[in-house]
Amino acid sequence: MYPYLLFFHSVFRWLVLISLCYAVISGLLGWLRNRHYSGNDNRIRHITATISHIQLTIGYVLYFESPIIAYFRSNYDEAIKQFDLKFFGLVHIALMTVAIFVITIGSSMAKRQANDQAKFRTMTLFFAIALLIIFVSIPWPFSPLANRPYYRSF
Ligand code: HEM
């Protein structure tokens, strides 16, 4: 189960990033060009939030399956001193949970706004903040925090 979860969690990062980038760019264009907030814009908002919720769910299941996290939890005093373990045991999950909270709040606030410009503005700002937090919290091969591959196979 663990290798499959890790595979899906790794691959899903790309869907999260692509959907967020698409939503932010189309939201920004809609906002700046005073466009009408269409059914398609609403779908983009909804699908983006759903993809991030799926990744959140995979992440929480992975949390309870990962041998790294199991080690972190049972050897907390030692593990907290090693940054790689601290990153996955605390930093990654805390920042990602905050980011997806920001997406959820932004998505639900955007759909309740009174006019089209406010809908675009709310979605764009909240999703852009979440995108930034997510980008920084991914263990990219080039990240100064923790490193994992761009793609993970089974
Ligand atoms: C948008 C949200 C998230 C993204 C983009 C993301 C992305 C990633 C990536 C790329 C990895 C490295 C995978 C690999 O080793 O190939 C990873 C590892 C991990 N993630 Fe996430 N993650 C997200 C949210 C979460 C959440 C919410 C949790 C838990 C509550 C979580 C738990 C973990 C754990 C435990 C690992 C390390 C697993 C291991 O190596 O055993 N992630 N994440």
# chains A, B, ... in the order shown; residues from 1 in each chain; ligands from 1
call {"tool": "residues_near_ligand", "arguments": {"ligand": "ligand 1", "cutoff": "6 Å", "atoms": "only C-alpha atoms and all ligand atoms", "output": "MDAnalysis selection string"}}
result
chainID A and resid 6 9:10 13 52 55:56 59:60 62:63 66:68 88 93 96:97 134 138:139 148:149 152
call {"tool": "write_last_selection", "arguments": {"atoms": "N, CA and C atoms", "output": "PDB file, in the first residue's frame"}}
result
ATOM      1  N   LEU A   6       2.646   6.588  -2.114  1.00  0.00           N
ATOM      2  CA  LEU A   6       3.747   7.517  -2.384  1.00  0.00           C
ATOM      3  C   LEU A   6       3.757   7.890  -3.866  1.00  0.00           C
ATOM      4  N   HIS A   9       0.756  10.205  -4.499  1.00  0.00           N
ATOM      5  CA  HIS A   9       0.998  11.497  -3.854  1.00  0.00           C
ATOM      6  C   HIS A   9       2.022  12.309  -4.658  1.00  0.00           C
ATOM      7  N   SER A  10       3.026  11.617  -5.184  1.00  0.00           N
ATOM      8  CA  SER A  10       4.060  12.276  -5.979  1.00  0.00           C
ATOM      9  C   SER A  10       3.497  12.790  -7.312  1.00  0.00           C
ATOM     10  N   ARG A  13       0.982  15.795  -7.201  1.00  0.00           N
ATOM     11  CA  ARG A  13       1.533  17.144  -7.010  1.00  0.00           C
ATOM     12  C   ARG A  13       1.447  17.934  -8.321  1.00  0.00           C
ATOM     13  N   SER A  52      -7.081  19.575  -4.990  1.00  0.00           N
ATOM     14  CA  SER A  52      -6.267  19.812  -3.784  1.00  0.00           C
ATOM     15  C   SER A  52      -6.815  18.997  -2.599  1.00  0.00           C
ATOM     16  N   GLN A  55      -5.537  15.449  -2.944  1.00  0.00           N
ATOM     17  CA  GLN A  55      -4.133  15.366  -2.517  1.00  0.00           C
ATOM     18  C   GLN A  55      -4.029  15.414  -0.984  1.00  0.00           C
ATOM     19  N   LEU A  56      -4.858  16.228  -0.362  1.00  0.00           N
ATOM     20  CA  LEU A  56      -4.878  16.311   1.110  1.00  0.00           C
ATOM     21  C   LEU A  56      -5.232  14.942   1.707  1.00  0.00           C
ATOM     22  N   GLY A  59      -2.444  12.530   1.240  1.00  0.00           N
ATOM     23  CA  GLY A  59      -1.381  12.930   2.169  1.00  0.00           C
ATOM     24  C   GLY A  59      -1.648  12.429   3.586  1.00  0.00           C
ATOM     25  N   TYR A  60      -2.905  12.552   4.051  1.00  0.00           N
ATOM     26  CA  TYR A  60      -3.215  12.117   5.423  1.00  0.00           C
ATOM     27  C   TYR A  60      -3.159  10.595   5.552  1.00  0.00           C
ATOM     28  N   LEU A  62      -1.223   8.692   3.701  1.00  0.00           N
ATOM     29  CA  LEU A  62       0.220   8.423   3.625  1.00  0.00           C
ATOM     30  C   LEU A  62       0.894   8.673   4.975  1.00  0.00           C
ATOM     31  N   TYR A  63       0.426   9.696   5.659  1.00  0.00           N
ATOM     32  CA  TYR A  63       0.996  10.045   6.959  1.00  0.00           C
ATOM     33  C   TYR A  63       0.970   8.846   7.920  1.00  0.00           C
ATOM     34  N   SER A  66       3.434   5.845   6.279  1.00  0.00           N
ATOM     35  CA  SER A  66       4.845   6.092   5.981  1.00  0.00           C
ATOM     36  C   SER A  66       5.771   5.592   7.091  1.00  0.00           C
ATOM     37  N   PRO A  67       6.795   4.795   6.735  1.00  0.00           N
ATOM     38  CA  PRO A  67       7.768   4.369   7.757  1.00  0.00           C
ATOM     39  C   PRO A  67       8.570   5.553   8.300  1.00  0.00           C
ATOM     40  N   ILE A  68       8.738   6.581   7.472  1.00  0.00           N
ATOM     41  CA  ILE A  68       9.472   7.775   7.920  1.00  0.00           C
ATOM     42  C   ILE A  68       8.705   8.470   9.055  1.00  0.00           C
ATOM     43  N   PHE A  88       9.198  16.239   7.022  1.00  0.00           N
ATOM     44  CA  PHE A  88       8.037  15.417   6.673  1.00  0.00           C
ATOM     45  C   PHE A  88       7.105  15.208   7.860  1.00  0.00           C
ATOM     46  N   ILE A  93       3.449  18.716   6.396  1.00  0.00           N
ATOM     47  CA  ILE A  93       2.007  18.499   6.602  1.00  0.00           C
ATOM     48  C   ILE A  93       1.322  19.767   7.133  1.00  0.00           C
ATOM     49  N   MET A  96       1.136  22.347   4.124  1.00  0.00           N
ATOM     50  CA  MET A  96       0.199  21.880   3.085  1.00  0.00           C
ATOM     51  C   MET A  96      -1.246  21.956   3.592  1.00  0.00           C
ATOM     52  N   THR A  97      -1.445  21.634   4.867  1.00  0.00           N
ATOM     53  CA  THR A  97      -2.808  21.702   5.410  1.00  0.00           C
ATOM     54  C   THR A  97      -3.293  23.155   5.415  1.00  0.00           C
ATOM     55  N   ILE A 134       2.363  26.014  -1.295  1.00  0.00           N
ATOM     56  CA  ILE A 134       2.543  24.643  -1.778  1.00  0.00           C
ATOM     57  C   ILE A 134       3.886  24.499  -2.487  1.00  0.00           C
ATOM     58  N   ILE A 138       6.926  21.758  -1.222  1.00  0.00           N
ATOM     59  CA  ILE A 138       7.189  20.510  -1.964  1.00  0.00           C
ATOM     60  C   ILE A 138       8.677  20.174  -1.838  1.00  0.00           C
ATOM     61  N   PRO A 139       8.998  18.893  -1.542  1.00  0.00           N
ATOM     62  CA  PRO A 139      10.420  18.518  -1.442  1.00  0.00           C
ATOM     63  C   PRO A 139      11.043  18.334  -2.823  1.00  0.00           C
ATOM     64  N   ARG A 148      13.240  15.160  -2.798  1.00  0.00           N
ATOM     65  CA  ARG A 148      12.669  13.922  -3.321  1.00  0.00           C
ATOM     66  C   ARG A 148      12.603  14.081  -4.840  1.00  0.00           C
ATOM     67  N   PRO A 149      12.450  12.950  -5.596  1.00  0.00           N
ATOM     68  CA  PRO A 149      12.483  13.072  -7.068  1.00  0.00           C
ATOM     69  C   PRO A 149      11.258  13.794  -7.650  1.00  0.00           C
ATOM     70  N   ARG A 152       8.089   9.624  -9.025  1.00  0.00           N
ATOM     71  CA  ARG A 152       8.369   8.432  -8.230  1.00  0.00           C
ATOM     72  C   ARG A 152       7.621   7.272  -8.858  1.00  0.00           C
TER      73      ARG A 152
END
call {"tool": "select_by_dssp", "arguments": {"residues": "range 60-89 of chain A", "states": "alpha helix (DSSP H)", "output": "list in words"}}
result
Tyr60, Val61, Leu62, Tyr63, Phe64, Glu65, Pro67, Ile68, Ile69, Ala70, Tyr71, Phe72, Arg73, Ser74, Tyr76, Asp77, Glu78, Ala79, Phe83, Asp84, Leu85 and Lys86 of chain A
call {"tool": "residues_around", "arguments": {"residues": "Phe120 in chain A", "least_positions_apart": "5", "cutoff": "12 Å", "atoms": "only C-alpha atoms", "output": "number ranges by chain"}}
result
A: 23-38, 41-42, 44-45, 106-107, 109-115, 125-128
call {"tool": "write_last_selection", "arguments": {"atoms": "N, CA and C atoms", "output": "mmCIF file, in the first residue's frame"}}
result
data_model
loop_
_atom_site.group_PDB
_atom_site.id
_atom_site.type_symbol
_atom_site.label_atom_id
_atom_site.label_comp_id
_atom_site.auth_asym_id
_atom_site.auth_seq_id
_atom_site.Cartn_x
_atom_site.Cartn_y
_atom_site.Cartn_z
ATOM 1 N N ALA A 23 -5.908 28.082 -12.789
ATOM 2 C CA ALA A 23 -6.969 28.859 -12.124
ATOM 3 C C ALA A 23 -6.485 30.286 -11.823
ATOM 4 N N VAL A 24 -5.226 30.418 -11.391
ATOM 5 C CA VAL A 24 -4.705 31.751 -11.047
ATOM 6 C C VAL A 24 -4.589 32.608 -12.312
ATOM 7 N N ILE A 25 -4.054 32.014 -13.398
ATOM 8 C CA ILE A 25 -3.879 32.806 -14.630
ATOM 9 C C ILE A 25 -5.244 33.186 -15.215
ATOM 10 N N SER A 26 -6.164 32.220 -15.288
ATOM 11 C CA SER A 26 -7.469 32.564 -15.883
ATOM 12 C C SER A 26 -8.250 33.511 -14.971
ATOM 13 N N GLY A 27 -8.072 33.380 -13.659
ATOM 14 C CA GLY A 27 -8.721 34.303 -12.720
ATOM 15 C C GLY A 27 -8.171 35.713 -12.864
ATOM 16 N N LEU A 28 -6.849 35.797 -13.006
ATOM 17 C CA LEU A 28 -6.201 37.105 -13.153
ATOM 18 C C LEU A 28 -6.656 37.789 -14.444
ATOM 19 N N LEU A 29 -6.719 37.001 -15.540
ATOM 20 C CA LEU A 29 -7.153 37.581 -16.818
ATOM 21 C C LEU A 29 -8.613 38.047 -16.734
ATOM 22 N N GLY A 30 -9.439 37.223 -16.095
ATOM 23 C CA GLY A 30 -10.849 37.593 -15.936
ATOM 24 C C GLY A 30 -11.004 38.866 -15.127
ATOM 25 N N TRP A 31 -10.215 38.981 -14.078
ATOM 26 C CA TRP A 31 -10.234 40.140 -13.177
ATOM 27 C C TRP A 31 -9.762 41.405 -13.928
ATOM 28 N N LEU A 32 -8.606 41.293 -14.616
ATOM 29 C CA LEU A 32 -8.031 42.473 -15.281
ATOM 30 C C LEU A 32 -8.839 42.894 -16.511
ATOM 31 N N ARG A 33 -9.458 41.915 -17.184
ATOM 32 C CA ARG A 33 -10.191 42.238 -18.423
ATOM 33 C C ARG A 33 -11.679 42.457 -18.181
ATOM 34 N N ASN A 34 -12.067 42.495 -16.916
ATOM 35 C CA ASN A 34 -13.486 42.703 -16.569
ATOM 36 C C ASN A 34 -14.413 41.704 -17.259
ATOM 37 N N ARG A 35 -13.975 40.446 -17.309
ATOM 38 C CA ARG A 35 -14.772 39.435 -17.987
ATOM 39 C C ARG A 35 -15.968 39.004 -17.143
ATOM 40 N N HIS A 36 -16.946 38.404 -17.816
ATOM 41 C CA HIS A 36 -18.101 37.824 -17.127
ATOM 42 C C HIS A 36 -17.651 36.501 -16.480
ATOM 43 N N TYR A 37 -18.020 36.266 -15.222
ATOM 44 C CA TYR A 37 -17.647 35.021 -14.517
ATOM 45 C C TYR A 37 -18.611 33.928 -14.989
ATOM 46 N N SER A 38 -18.124 33.084 -15.889
ATOM 47 C CA SER A 38 -19.003 32.111 -16.559
ATOM 48 C C SER A 38 -19.092 30.794 -15.778
ATOM 49 N N ASP A 41 -15.697 29.250 -15.619
ATOM 50 C CA ASP A 41 -14.838 29.785 -14.544
ATOM 51 C C ASP A 41 -15.192 29.117 -13.213
ATOM 52 N N ASN A 42 -16.480 28.928 -13.006
ATOM 53 C CA ASN A 42 -16.927 28.284 -11.776
ATOM 54 C C ASN A 42 -16.439 26.835 -11.708
ATOM 55 N N ILE A 44 -13.685 25.678 -13.158
ATOM 56 C CA ILE A 44 -12.229 25.719 -12.907
ATOM 57 C C ILE A 44 -11.981 25.859 -11.399
ATOM 58 N N ARG A 45 -12.722 26.763 -10.758
ATOM 59 C CA ARG A 45 -12.592 26.966 -9.303
ATOM 60 C C ARG A 45 -12.900 25.670 -8.551
ATOM 61 N N GLY A 106 -10.948 30.358 0.111
ATOM 62 C CA GLY A 106 -10.996 31.208 -1.090
ATOM 63 C C GLY A 106 -12.069 30.745 -2.055
ATOM 64 N N SER A 107 -12.144 29.441 -2.247
ATOM 65 C CA SER A 107 -13.124 28.889 -3.179
ATOM 66 C C SER A 107 -14.548 29.168 -2.701
ATOM 67 N N MET A 109 -15.505 31.499 -0.534
ATOM 68 C CA MET A 109 -15.790 32.947 -0.522
ATOM 69 C C MET A 109 -16.041 33.466 -1.938
ATOM 70 N N ALA A 110 -15.236 32.954 -2.918
ATOM 71 C CA ALA A 110 -15.354 33.446 -4.302
ATOM 72 C C ALA A 110 -16.772 33.223 -4.839
ATOM 73 N N LYS A 111 -17.305 32.038 -4.581
ATOM 74 C CA LYS A 111 -18.625 31.761 -5.179
ATOM 75 C C LYS A 111 -19.751 32.560 -4.516
ATOM 76 N N ARG A 112 -19.479 33.115 -3.315
ATOM 77 C CA ARG A 112 -20.514 33.894 -2.623
ATOM 78 C C ARG A 112 -20.432 35.397 -2.896
ATOM 79 N N GLN A 113 -19.411 35.842 -3.653
ATOM 80 C CA GLN A 113 -19.255 37.276 -3.904
ATOM 81 C C GLN A 113 -20.402 37.806 -4.764
ATOM 82 N N ALA A 114 -20.699 39.107 -4.565
ATOM 83 C CA ALA A 114 -21.868 39.695 -5.213
ATOM 84 C C ALA A 114 -21.666 39.922 -6.709
ATOM 85 N N ASN A 115 -20.435 40.269 -7.132
ATOM 86 C CA ASN A 115 -20.259 40.544 -8.569
ATOM 87 C C ASN A 115 -19.085 39.751 -9.163
ATOM 88 N N LEU A 125 -6.560 35.736 -5.621
ATOM 89 C CA LEU A 125 -5.684 36.046 -4.489
ATOM 90 C C LEU A 125 -5.499 34.838 -3.572
ATOM 91 N N PHE A 126 -6.580 34.183 -3.206
ATOM 92 C CA PHE A 126 -6.475 33.029 -2.291
ATOM 93 C C PHE A 126 -5.691 31.884 -2.944
ATOM 94 N N PHE A 127 -5.987 31.605 -4.223
ATOM 95 C CA PHE A 127 -5.312 30.488 -4.900
ATOM 96 C C PHE A 127 -3.827 30.805 -5.104
ATOM 97 N N ALA A 128 -3.501 32.083 -5.361
ATOM 98 C CA ALA A 128 -2.082 32.444 -5.572
ATOM 99 C C ALA A 128 -1.297 32.284 -4.262
#
call {"tool": "atom_distance", "arguments": {"atom1": "CA of Glu78 in chain A", "atom2": "CA of Val136 in chain A"}}
result
25.3 Å
call {"tool": "atom_distance", "arguments": {"atom1": "CA of Lys86 in chain A", "atom2": "CA of Ile51 in chain A"}}
result
26.1 Å
call {"tool": "decode", "arguments": {"residues": "range 9-55 of chain A", "atoms": "C-alpha atoms", "output": "PDB file, in the first residue's frame"}}
result
ATOM      1  CA  HIS A   9       0.998  11.497  -3.854  1.00  0.00           C
ATOM      2  CA  SER A  10       4.060  12.276  -5.979  1.00  0.00           C
ATOM      3  CA  VAL A  11       2.161  12.302  -9.306  1.00  0.00           C
ATOM      4  CA  PHE A  12      -0.782  14.252  -7.875  1.00  0.00           C
ATOM      5  CA  ARG A  13       1.533  17.144  -7.010  1.00  0.00           C
ATOM      6  CA  TRP A  14       1.646  17.922 -10.764  1.00  0.00           C
ATOM      7  CA  LEU A  15      -2.144  17.988 -11.045  1.00  0.00           C
ATOM      8  CA  VAL A  16      -2.341  20.280  -7.996  1.00  0.00           C
ATOM      9  CA  LEU A  17       0.250  22.661  -9.472  1.00  0.00           C
ATOM     10  CA  ILE A  18      -1.151  22.658 -13.033  1.00  0.00           C
ATOM     11  CA  SER A  19      -4.750  23.220 -11.858  1.00  0.00           C
ATOM     12  CA  LEU A  20      -3.718  26.011  -9.461  1.00  0.00           C
ATOM     13  CA  CYS A  21      -1.562  27.771 -12.106  1.00  0.00           C
ATOM     14  CA  TYR A  22      -4.405  27.524 -14.622  1.00  0.00           C
ATOM     15  CA  ALA A  23      -6.969  28.859 -12.124  1.00  0.00           C
ATOM     16  CA  VAL A  24      -4.705  31.751 -11.047  1.00  0.00           C
ATOM     17  CA  ILE A  25      -3.879  32.806 -14.630  1.00  0.00           C
ATOM     18  CA  SER A  26      -7.469  32.564 -15.883  1.00  0.00           C
ATOM     19  CA  GLY A  27      -8.721  34.303 -12.720  1.00  0.00           C
ATOM     20  CA  LEU A  28      -6.201  37.105 -13.153  1.00  0.00           C
ATOM     21  CA  LEU A  29      -7.153  37.581 -16.818  1.00  0.00           C
ATOM     22  CA  GLY A  30     -10.849  37.593 -15.936  1.00  0.00           C
ATOM     23  CA  TRP A  31     -10.234  40.140 -13.177  1.00  0.00           C
ATOM     24  CA  LEU A  32      -8.031  42.473 -15.281  1.00  0.00           C
ATOM     25  CA  ARG A  33     -10.191  42.238 -18.423  1.00  0.00           C
ATOM     26  CA  ASN A  34     -13.486  42.703 -16.569  1.00  0.00           C
ATOM     27  CA  ARG A  35     -14.772  39.435 -17.987  1.00  0.00           C
ATOM     28  CA  HIS A  36     -18.101  37.824 -17.127  1.00  0.00           C
ATOM     29  CA  TYR A  37     -17.647  35.021 -14.517  1.00  0.00           C
ATOM     30  CA  SER A  38     -19.003  32.111 -16.559  1.00  0.00           C
ATOM     31  CA  GLY A  39     -20.025  28.551 -15.715  1.00  0.00           C
ATOM     32  CA  ASN A  40     -16.623  27.469 -17.017  1.00  0.00           C
ATOM     33  CA  ASP A  41     -14.838  29.785 -14.544  1.00  0.00           C
ATOM     34  CA  ASN A  42     -16.927  28.284 -11.776  1.00  0.00           C
ATOM     35  CA  ARG A  43     -15.930  24.777 -12.938  1.00  0.00           C
ATOM     36  CA  ILE A  44     -12.229  25.719 -12.907  1.00  0.00           C
ATOM     37  CA  ARG A  45     -12.592  26.966  -9.303  1.00  0.00           C
ATOM     38  CA  HIS A  46     -14.448  23.829  -8.235  1.00  0.00           C
ATOM     39  CA  ILE A  47     -12.140  21.308  -9.990  1.00  0.00           C
ATOM     40  CA  THR A  48      -9.007  23.023  -8.625  1.00  0.00           C
ATOM     41  CA  ALA A  49     -10.324  22.871  -5.047  1.00  0.00           C
ATOM     42  CA  THR A  50     -11.364  19.222  -5.512  1.00  0.00           C
ATOM     43  CA  ILE A  51      -7.905  18.184  -6.816  1.00  0.00           C
ATOM     44  CA  SER A  52      -6.267  19.812  -3.784  1.00  0.00           C
ATOM     45  CA  HIS A  53      -8.713  17.994  -1.453  1.00  0.00           C
ATOM     46  CA  ILE A  54      -7.850  14.650  -3.074  1.00  0.00           C
ATOM     47  CA  GLN A  55      -4.133  15.366  -2.517  1.00  0.00           C
TER      48      GLN A  55
END
